[in-house]
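Have a look at coords_6.cif; it's mmCIF, N, CA and C atoms:
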data_upload
loop_
_atom_site.label_atom_id
_atom_site.label_comp_id
_atom_site.auth_asym_id
_atom_site.auth_seq_id
_atom_site.Cartn_x
_atom_site.Cartn_y
_atom_site.Cartn_z
N MET R 1 -24.86 54.78 4.68
CA MET R 1 -24.23 55.14 5.93
C MET R 1 -22.73 55.32 5.73
N PHE R 2 -22.10 54.41 5.00
CA PHE R 2 -20.67 54.50 4.77
C PHE R 2 -20.34 55.75 3.97
N LEU R 3 -21.18 56.03 2.98
CA LEU R 3 -20.95 57.22 2.16
C LEU R 3 -21.07 58.49 2.99
N THR R 4 -22.08 58.54 3.86
CA THR R 4 -22.27 59.69 4.72
C THR R 4 -21.08 59.89 5.64
N LEU R 5 -20.62 58.80 6.27
CA LEU R 5 -19.46 58.91 7.16
C LEU R 5 -18.22 59.35 6.40
N ALA R 6 -18.03 58.80 5.21
CA ALA R 6 -16.85 59.14 4.44
C ALA R 6 -16.90 60.61 4.01
N LEU R 7 -18.09 61.11 3.65
CA LEU R 7 -18.21 62.50 3.20
C LEU R 7 -18.08 63.48 4.36
N LEU R 8 -18.66 63.12 5.50
CA LEU R 8 -18.63 64.05 6.63
C LEU R 8 -17.27 64.07 7.32
N ARG R 9 -16.64 62.95 7.44
CA ARG R 9 -15.37 62.88 8.18
C ARG R 9 -14.16 63.15 7.32
N LYS R 10 -14.34 63.17 6.05
CA LYS R 10 -13.24 63.40 5.12
C LYS R 10 -12.16 62.33 5.26
N GLY R 11 -12.57 61.08 5.43
CA GLY R 11 -11.59 60.01 5.51
C GLY R 11 -12.14 58.85 6.30
N ILE R 12 -11.39 57.81 6.33
CA ILE R 12 -11.81 56.60 7.01
C ILE R 12 -11.09 56.54 8.35
N PRO R 13 -11.82 56.34 9.45
CA PRO R 13 -11.16 56.30 10.75
C PRO R 13 -10.31 55.03 10.90
N GLY R 14 -9.12 55.19 11.42
CA GLY R 14 -8.26 54.04 11.66
C GLY R 14 -7.67 53.51 10.36
N LYS R 15 -7.35 52.25 10.35
CA LYS R 15 -6.79 51.64 9.14
C LYS R 15 -7.91 51.45 8.13
N GLN R 16 -7.62 51.74 6.88
CA GLN R 16 -8.70 51.76 5.89
C GLN R 16 -9.12 50.39 5.41
N TRP R 17 -8.30 49.33 5.61
CA TRP R 17 -8.65 48.03 5.07
C TRP R 17 -9.17 47.06 6.12
N ILE R 18 -9.12 47.41 7.41
CA ILE R 18 -9.62 46.52 8.46
C ILE R 18 -10.54 47.30 9.37
N GLY R 19 -11.40 46.58 10.09
CA GLY R 19 -12.27 47.22 11.06
C GLY R 19 -13.71 47.31 10.59
N LYS R 20 -14.52 47.87 11.46
CA LYS R 20 -15.95 47.96 11.18
C LYS R 20 -16.23 48.94 10.04
N TYR R 21 -15.53 50.06 10.02
CA TYR R 21 -15.78 51.09 9.01
C TYR R 21 -14.66 51.09 7.97
N ARG R 22 -14.36 49.91 7.43
CA ARG R 22 -13.28 49.81 6.46
C ARG R 22 -13.73 50.20 5.07
N ARG R 23 -12.76 50.48 4.24
CA ARG R 23 -13.05 50.82 2.85
C ARG R 23 -13.26 49.54 2.07
N PRO R 24 -14.35 49.41 1.33
CA PRO R 24 -14.59 48.19 0.57
C PRO R 24 -13.60 48.07 -0.59
N ARG R 25 -13.18 46.82 -0.86
CA ARG R 25 -12.25 46.58 -1.95
C ARG R 25 -12.95 46.70 -3.29
N GLN R 26 -12.19 47.12 -4.28
CA GLN R 26 -12.73 47.19 -5.63
C GLN R 26 -12.78 45.77 -6.21
N ILE R 27 -13.86 45.47 -6.89
CA ILE R 27 -14.01 44.18 -7.53
C ILE R 27 -13.40 44.28 -8.93
N THR R 28 -12.35 43.50 -9.18
CA THR R 28 -11.67 43.56 -10.47
C THR R 28 -12.19 42.44 -11.37
N TRP R 29 -11.80 42.52 -12.64
CA TRP R 29 -12.24 41.49 -13.58
C TRP R 29 -11.58 40.16 -13.27
N GLN R 30 -10.38 40.18 -12.68
CA GLN R 30 -9.74 38.93 -12.31
C GLN R 30 -10.50 38.24 -11.17
N MET R 31 -10.99 39.03 -10.23
CA MET R 31 -11.76 38.47 -9.13
C MET R 31 -13.05 37.84 -9.66
N LYS R 32 -13.70 38.52 -10.59
CA LYS R 32 -14.93 37.97 -11.18
C LYS R 32 -14.62 36.68 -11.94
N ARG R 33 -13.52 36.68 -12.72
CA ARG R 33 -13.13 35.49 -13.47
C ARG R 33 -12.85 34.31 -12.54
N ASN R 34 -12.09 34.56 -11.45
CA ASN R 34 -11.76 33.48 -10.52
C ASN R 34 -13.00 32.94 -9.83
N THR R 35 -13.91 33.82 -9.45
CA THR R 35 -15.15 33.38 -8.82
C THR R 35 -15.97 32.53 -9.79
N LEU R 36 -16.01 32.95 -11.03
CA LEU R 36 -16.75 32.19 -12.04
C LEU R 36 -16.12 30.81 -12.25
N LYS R 37 -14.77 30.75 -12.28
CA LYS R 37 -14.09 29.46 -12.43
C LYS R 37 -14.40 28.55 -11.25
N HIS R 38 -14.37 29.11 -10.03
CA HIS R 38 -14.66 28.30 -8.85
C HIS R 38 -16.10 27.77 -8.88
N LEU R 39 -17.04 28.63 -9.29
CA LEU R 39 -18.43 28.20 -9.36
C LEU R 39 -18.63 27.12 -10.42
N GLU R 40 -17.95 27.26 -11.56
CA GLU R 40 -18.07 26.23 -12.61
C GLU R 40 -17.47 24.91 -12.13
N ARG R 41 -16.33 24.97 -11.45
CA ARG R 41 -15.72 23.75 -10.92
C ARG R 41 -16.63 23.09 -9.90
N GLU R 42 -17.24 23.88 -9.05
CA GLU R 42 -18.15 23.33 -8.05
C GLU R 42 -19.38 22.71 -8.70
N ALA R 43 -19.89 23.33 -9.75
CA ALA R 43 -21.04 22.77 -10.46
C ALA R 43 -20.68 21.44 -11.11
N GLU R 44 -19.46 21.35 -11.67
CA GLU R 44 -19.03 20.09 -12.28
C GLU R 44 -18.87 19.01 -11.21
N ASN R 45 -18.31 19.37 -10.07
CA ASN R 45 -18.18 18.41 -8.97
C ASN R 45 -19.54 17.90 -8.52
N GLU R 46 -20.49 18.80 -8.38
CA GLU R 46 -21.84 18.39 -7.97
C GLU R 46 -22.48 17.49 -9.03
N TYR R 47 -22.18 17.75 -10.29
CA TYR R 47 -22.70 16.90 -11.37
C TYR R 47 -22.18 15.48 -11.20
N TRP R 48 -20.87 15.33 -11.00
CA TRP R 48 -20.29 13.99 -10.89
C TRP R 48 -20.67 13.31 -9.59
N ILE R 49 -20.82 14.05 -8.53
CA ILE R 49 -21.21 13.47 -7.24
C ILE R 49 -22.66 12.96 -7.30
N SER R 50 -23.50 13.63 -8.08
CA SER R 50 -24.92 13.25 -8.13
C SER R 50 -25.15 11.95 -8.89
N ARG R 51 -24.15 11.48 -9.65
CA ARG R 51 -24.28 10.22 -10.40
C ARG R 51 -23.36 9.18 -9.78
N PRO R 52 -23.92 8.23 -9.04
CA PRO R 52 -23.07 7.25 -8.35
C PRO R 52 -22.37 6.32 -9.33
N TYR R 53 -21.17 5.88 -8.92
CA TYR R 53 -20.38 4.96 -9.74
C TYR R 53 -20.98 3.56 -9.70
N MET R 54 -21.43 3.14 -8.51
CA MET R 54 -22.01 1.81 -8.36
C MET R 54 -23.45 1.94 -7.86
N THR R 55 -24.25 0.96 -8.21
CA THR R 55 -25.61 0.92 -7.68
C THR R 55 -25.55 0.47 -6.23
N PRO R 56 -26.59 0.72 -5.45
CA PRO R 56 -26.58 0.26 -4.05
C PRO R 56 -26.42 -1.25 -3.93
N GLU R 57 -26.94 -2.01 -4.90
CA GLU R 57 -26.78 -3.47 -4.84
C GLU R 57 -25.32 -3.87 -5.06
N GLN R 58 -24.64 -3.19 -5.98
CA GLN R 58 -23.23 -3.48 -6.21
C GLN R 58 -22.38 -3.03 -5.03
N GLU R 59 -22.76 -1.92 -4.44
CA GLU R 59 -21.96 -1.35 -3.36
C GLU R 59 -22.05 -2.18 -2.08
N TYR R 60 -23.16 -2.90 -1.89
CA TYR R 60 -23.35 -3.67 -0.68
C TYR R 60 -22.33 -4.80 -0.61
N CYS R 61 -21.50 -4.80 0.41
CA CYS R 61 -20.47 -5.83 0.67
C CYS R 61 -19.48 -6.00 -0.47
N HIS R 62 -19.20 -4.95 -1.24
CA HIS R 62 -18.27 -5.10 -2.35
C HIS R 62 -16.83 -5.22 -1.87
N ALA R 63 -16.52 -4.74 -0.68
CA ALA R 63 -15.14 -4.77 -0.19
C ALA R 63 -14.98 -5.70 1.00
N ALA R 64 -15.92 -6.59 1.22
CA ALA R 64 -15.86 -7.45 2.41
C ALA R 64 -14.65 -8.37 2.38
N GLU R 65 -14.35 -8.94 1.22
CA GLU R 65 -13.22 -9.87 1.13
C GLU R 65 -11.90 -9.13 1.36
N ARG R 66 -11.76 -7.96 0.75
CA ARG R 66 -10.54 -7.17 0.91
C ARG R 66 -10.36 -6.74 2.36
N ARG R 67 -11.43 -6.33 2.99
CA ARG R 67 -11.35 -5.90 4.38
C ARG R 67 -10.99 -7.08 5.29
N ALA R 68 -11.53 -8.26 4.99
CA ALA R 68 -11.20 -9.45 5.78
C ALA R 68 -9.72 -9.79 5.64
N GLN R 69 -9.18 -9.70 4.43
CA GLN R 69 -7.76 -9.98 4.22
C GLN R 69 -6.89 -8.95 4.94
N ASN R 70 -7.29 -7.70 4.88
CA ASN R 70 -6.53 -6.66 5.60
C ASN R 70 -6.55 -6.92 7.10
N TRP R 71 -7.70 -7.33 7.61
CA TRP R 71 -7.80 -7.62 9.05
C TRP R 71 -6.91 -8.79 9.43
N LEU R 72 -6.86 -9.83 8.57
CA LEU R 72 -5.98 -10.96 8.86
C LEU R 72 -4.52 -10.55 8.85
N LYS R 73 -4.14 -9.65 7.93
CA LYS R 73 -2.76 -9.16 7.90
C LYS R 73 -2.42 -8.41 9.19
N ILE R 74 -3.32 -7.55 9.62
CA ILE R 74 -3.10 -6.78 10.84
C ILE R 74 -3.01 -7.72 12.04
N LYS R 75 -3.89 -8.70 12.08
CA LYS R 75 -3.92 -9.65 13.20
C LYS R 75 -2.64 -10.46 13.27
N THR R 76 -2.16 -10.97 12.12
CA THR R 76 -0.93 -11.76 12.12
C THR R 76 0.28 -10.89 12.47
N ALA R 77 0.28 -9.65 12.03
CA ALA R 77 1.38 -8.75 12.38
C ALA R 77 1.39 -8.45 13.88
N LYS R 78 0.21 -8.35 14.47
CA LYS R 78 0.13 -8.07 15.89
C LYS R 78 0.61 -9.25 16.72
N PHE R 79 0.27 -10.47 16.29
CA PHE R 79 0.64 -11.66 17.05
C PHE R 79 2.02 -12.20 16.68
N ALA R 80 2.72 -11.57 15.75
CA ALA R 80 4.04 -12.05 15.37
C ALA R 80 5.03 -11.90 16.52
N ASN R 81 4.91 -10.85 17.31
CA ASN R 81 5.83 -10.60 18.42
C ASN R 81 5.35 -11.22 19.73
N PHE R 82 4.24 -11.86 19.69
CA PHE R 82 3.65 -12.40 20.91
C PHE R 82 4.42 -13.66 21.33
N PRO R 83 4.76 -13.81 22.60
CA PRO R 83 5.51 -15.01 23.02
C PRO R 83 4.64 -16.27 22.94
N GLU R 84 5.32 -17.42 22.87
CA GLU R 84 4.58 -18.68 22.78
C GLU R 84 3.86 -18.98 24.08
N HIS R 85 2.84 -19.84 23.99
CA HIS R 85 2.10 -20.23 25.17
C HIS R 85 2.94 -21.17 26.02
N LYS R 86 2.85 -20.98 27.32
CA LYS R 86 3.56 -21.87 28.26
C LYS R 86 2.54 -22.56 29.14
N THR R 87 2.78 -23.83 29.35
CA THR R 87 1.85 -24.58 30.20
C THR R 87 2.26 -24.40 31.66
N MET R 88 1.41 -24.88 32.54
CA MET R 88 1.70 -24.77 33.96
C MET R 88 2.90 -25.62 34.35
N THR R 89 3.10 -26.77 33.68
CA THR R 89 4.28 -27.61 33.98
C THR R 89 5.58 -26.89 33.63
N ASP R 90 5.56 -26.09 32.59
CA ASP R 90 6.76 -25.32 32.26
C ASP R 90 7.09 -24.31 33.36
N HIS R 91 6.08 -23.71 33.92
CA HIS R 91 6.30 -22.71 34.97
C HIS R 91 6.77 -23.36 36.27
N LEU R 92 6.25 -24.55 36.56
CA LEU R 92 6.55 -25.17 37.86
C LEU R 92 7.56 -26.30 37.77
N SER R 93 8.21 -26.48 36.63
CA SER R 93 9.14 -27.60 36.46
C SER R 93 10.37 -27.47 37.37
N HIS R 94 10.74 -26.27 37.75
CA HIS R 94 11.91 -26.10 38.61
C HIS R 94 11.64 -26.60 40.04
N LEU R 95 10.43 -26.81 40.40
CA LEU R 95 10.11 -27.27 41.76
C LEU R 95 10.28 -28.78 41.88
N ARG R 96 10.41 -29.51 40.81
CA ARG R 96 10.47 -30.97 40.85
C ARG R 96 11.91 -31.49 40.80
N ILE R 97 12.88 -30.67 41.14
CA ILE R 97 14.29 -31.06 41.01
C ILE R 97 14.65 -32.15 42.01
N THR R 98 14.28 -32.00 43.26
CA THR R 98 14.71 -32.94 44.31
C THR R 98 13.75 -34.08 44.55
N LYS R 99 12.67 -34.14 43.81
CA LYS R 99 11.67 -35.17 44.06
C LYS R 99 12.20 -36.52 43.53
N THR R 100 12.32 -37.50 44.40
CA THR R 100 12.78 -38.83 43.99
C THR R 100 11.76 -39.86 44.41
N TRP R 101 11.73 -40.97 43.70
CA TRP R 101 10.81 -42.04 44.04
C TRP R 101 11.57 -43.16 44.64
#

As structure tokens, please, write out the structure in this file.
Amino acid sequence: MFLTLALLRKGIPGKQWIGKYRRPRQITWQMKRNTLKHLEREAENEYWISRPYMTPEQEYCHAAERRAQNWLKIKTAKFANFPEHKTMTDHLSHLRITKTW
């Protein structure tokens, strides 16, 4: 269809590189080389991903201690700026000024 349109119209309608009836790009040897490199890299990644570093038994709870320590750090940092607890006597101590026995 593209060949027929190109032969009958003697050109490509509109801009030749964009649109529905655009001119297809030439595939160069560099494009083929880059595609091959990308495919090889992807195949190597899939190879390494398919072999786990740890077994499921090793992976189970392997970071529990580290996560607990991180949580304690976050918790202490959060409560560092927290004001001290005040009792009810501290709040109401100003009311006992004139009380005499």

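Atom CA of Leu36 of chain R lies 20.5 Å from atom CA of Pro24 of chain R.
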
Please indicate the distance in Å from atom N of Thr4 of chain R to atom CA of Thr28 of chain R, rounded to one decimal place. 23.2 Å

One number please: atom CA of Glu40 of chain R to atom CA of Pro56 of chain R, in Å, one decimal. 28.6 Å

If you run DSSP on the backbone here, which positions in chain R get helix (DSSP H, G or I)? Please write them as a VMD selection string. chain R and resid 2 to 9 29 to 49 56 to 59 64 to 79 88 to 96
